[in-house]
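Reviewing the structure listed below.
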Amino acid sequence: MSEQELRIRKIRNGTVIDHITAGNALNVMKILGINGKEGLVVSVAINVPSSKYGRKDILKIEERELKQDEVNKIILIAPNATINIVKEYQVIDKKRLKLPAELKGFPRCVNPNCITNSGEPVETEFYVIQSEPLKLRCKYCQRITSQDDIFKQF
Ligand code: CTP
Ligand code: ZN
């Protein structure tokens with residue numbers, strides 16, 4: 001265990017989201033709908049030194065697992081994150097997230113006149129043209145939806 005990891009103690013059961021792009025832990029909490037009122041025990045480390053990426057955020061949520069649609073949204077703002085499931089102090093599952101080349105169904109296109117915003121039953125589809133910060137090109141209207149545009153949708 002490195003010195004940095006001692007910043008927050010190990011958890012017994014729950015989920016550790018590690019290697020979150022520095023400064024984005026609170027956005028990940030927003031995606032998860034965690035505001036403190038649900039009574040979950042949550043530890044957050046922001047801008048801690050990381051050997052892999054310089055700096056990173058870490059979020060430890062006790063007694064909570066993540067749903068697949070939550071994981072799919074986390075990839076968009078923290079493409080290098082790992083999701084660790086902890087049981088009785090052991091990491092029993094580790095998922096390294098990977099941003100796909102194309103996205104379907106989320107987020108919404110930034111263009112209000114896009115067919116995907118017209119009330120037609122057309123799901124959004126994007127090409128990922130840059131990962132950090134994220135830039136998506138709409139397959140229908142070609143407009144670029146940026147990470148900032150996506151934050152406004154959470
Ligand atoms: N962790 C925790 N509580 C535990 C076990 C692990 O909070 N009981 C945290 C660690 O502090 C770390 C993350 O879960 O932030 C992943 O743990 P581990 O796989 O042991 O660390 P590394 O091998 O450093 O992971 P990686 O290779 O993904 O960087
Ligand atoms: Zn569009």
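Residues are named by chain letter and number: chains run A, B, ... in the order of the structure tokens, numbers start at 1 in each chain, and ligands are numbered from 1 in the order shown.
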
| task | Assign secondary structure with DSSP using the backbone only, and return the residues of region 18-140 of chain A in strand (DSSP E or B) as JSON, numbers by chain. | result | {"A": [18, 19, 20, 21, 42, 43, 44, 45, 46, 47, 48, 49, 50, 54, 55, 56, 57, 58, 59, 60, 61, 62, 82, 83, 84, 85, 86, 87, 90, 91, 92, 93, 94, 95, 96, 102, 103, 104, 125, 126, 127, 128, 129, 130, 135, 136, 137, 138]}

| query | Near Lys139 (chain A), counting only C-alpha atoms, which residues have an atom at most 7 Å away, once you skip same-chain residues fewer than 4 positions from it, shown as a PyMOL selection string? | reply | chain A and resi 125-127

Write out, as a compact mmCIF listing (two decimals), in the first residue's frame, the residues just selected, with C-alpha atoms.
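Dumped everything to part.txt:
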# COMPACT_ATOMS: atom_id res chain seq x y z
CA GLU A 125 -25.66 8.22 -31.66
CA PHE A 126 -22.19 9.72 -31.46
CA TYR A 127 -18.65 9.12 -32.59

| What residues have any atom no more than 7 Å from ligand 1 when counting only C-alpha atoms and all ligand atoms, and can you list them as a list in words? | Glu5, Arg9, Lys10, Ile11, Arg12, Val16, Asp18, Ile58, Lys60, Thr82, Asn84, Val86, Glu88, Tyr89, Gln90 and Val91 of chain A

| Which residue of A:Pro49, A:Ile17, A:Lys98, A:Ile61 approaches Asn35 (chain A) most closely, using only C-alpha atoms | A:Ile61

| said: Taking only C-alpha atoms and all ligand atoms and a cut-off of 6 Å, can you tell me which residues surround ligand 2, written as a list in words? | reply: Cys109, Asn111, Cys114, Cys138, Tyr140, Cys141 and Arg143 of chain A

| Test item: residues at most 7 Å from Asp57 (chain A), only C-alpha atoms, excluding those fewer than 3 positions along its chain, as a list in words |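 Contacts, with the query itself left out: Asp18, His19, Ile20, Thr21, Ala22, Gly23, Asn24, Ala25, Ala45, Ile46, Asn47 and Val48 of chain A.
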
| task | Would you mind telling me which residue in A:Arg96, A:Arg7, A:Arg64, A:Lys104 lies nearest to Ile34 (chain A) when using only C-alpha atoms? | result |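 Ranked by minimum distance to Ile34 (chain A), first place goes to A:Arg64.
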
| Could you pull out the alpha helix (DSSP H) residues of region 14-153 of chain A from DSSP and send them as a list in words? |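 Output for region 14-153 of chain A, alpha helix (DSSP H) only: Ala25, Leu26, Asn27, Val28, Met29, Lys30, Ile31, Leu32, Gln68, Asp69, Glu70, Val71, Asn72, Lys73, Ile74, Ile75, Leu76, Ile77, Gln147, Asp148, Asp149, Ile150 and Phe151 of chain A.
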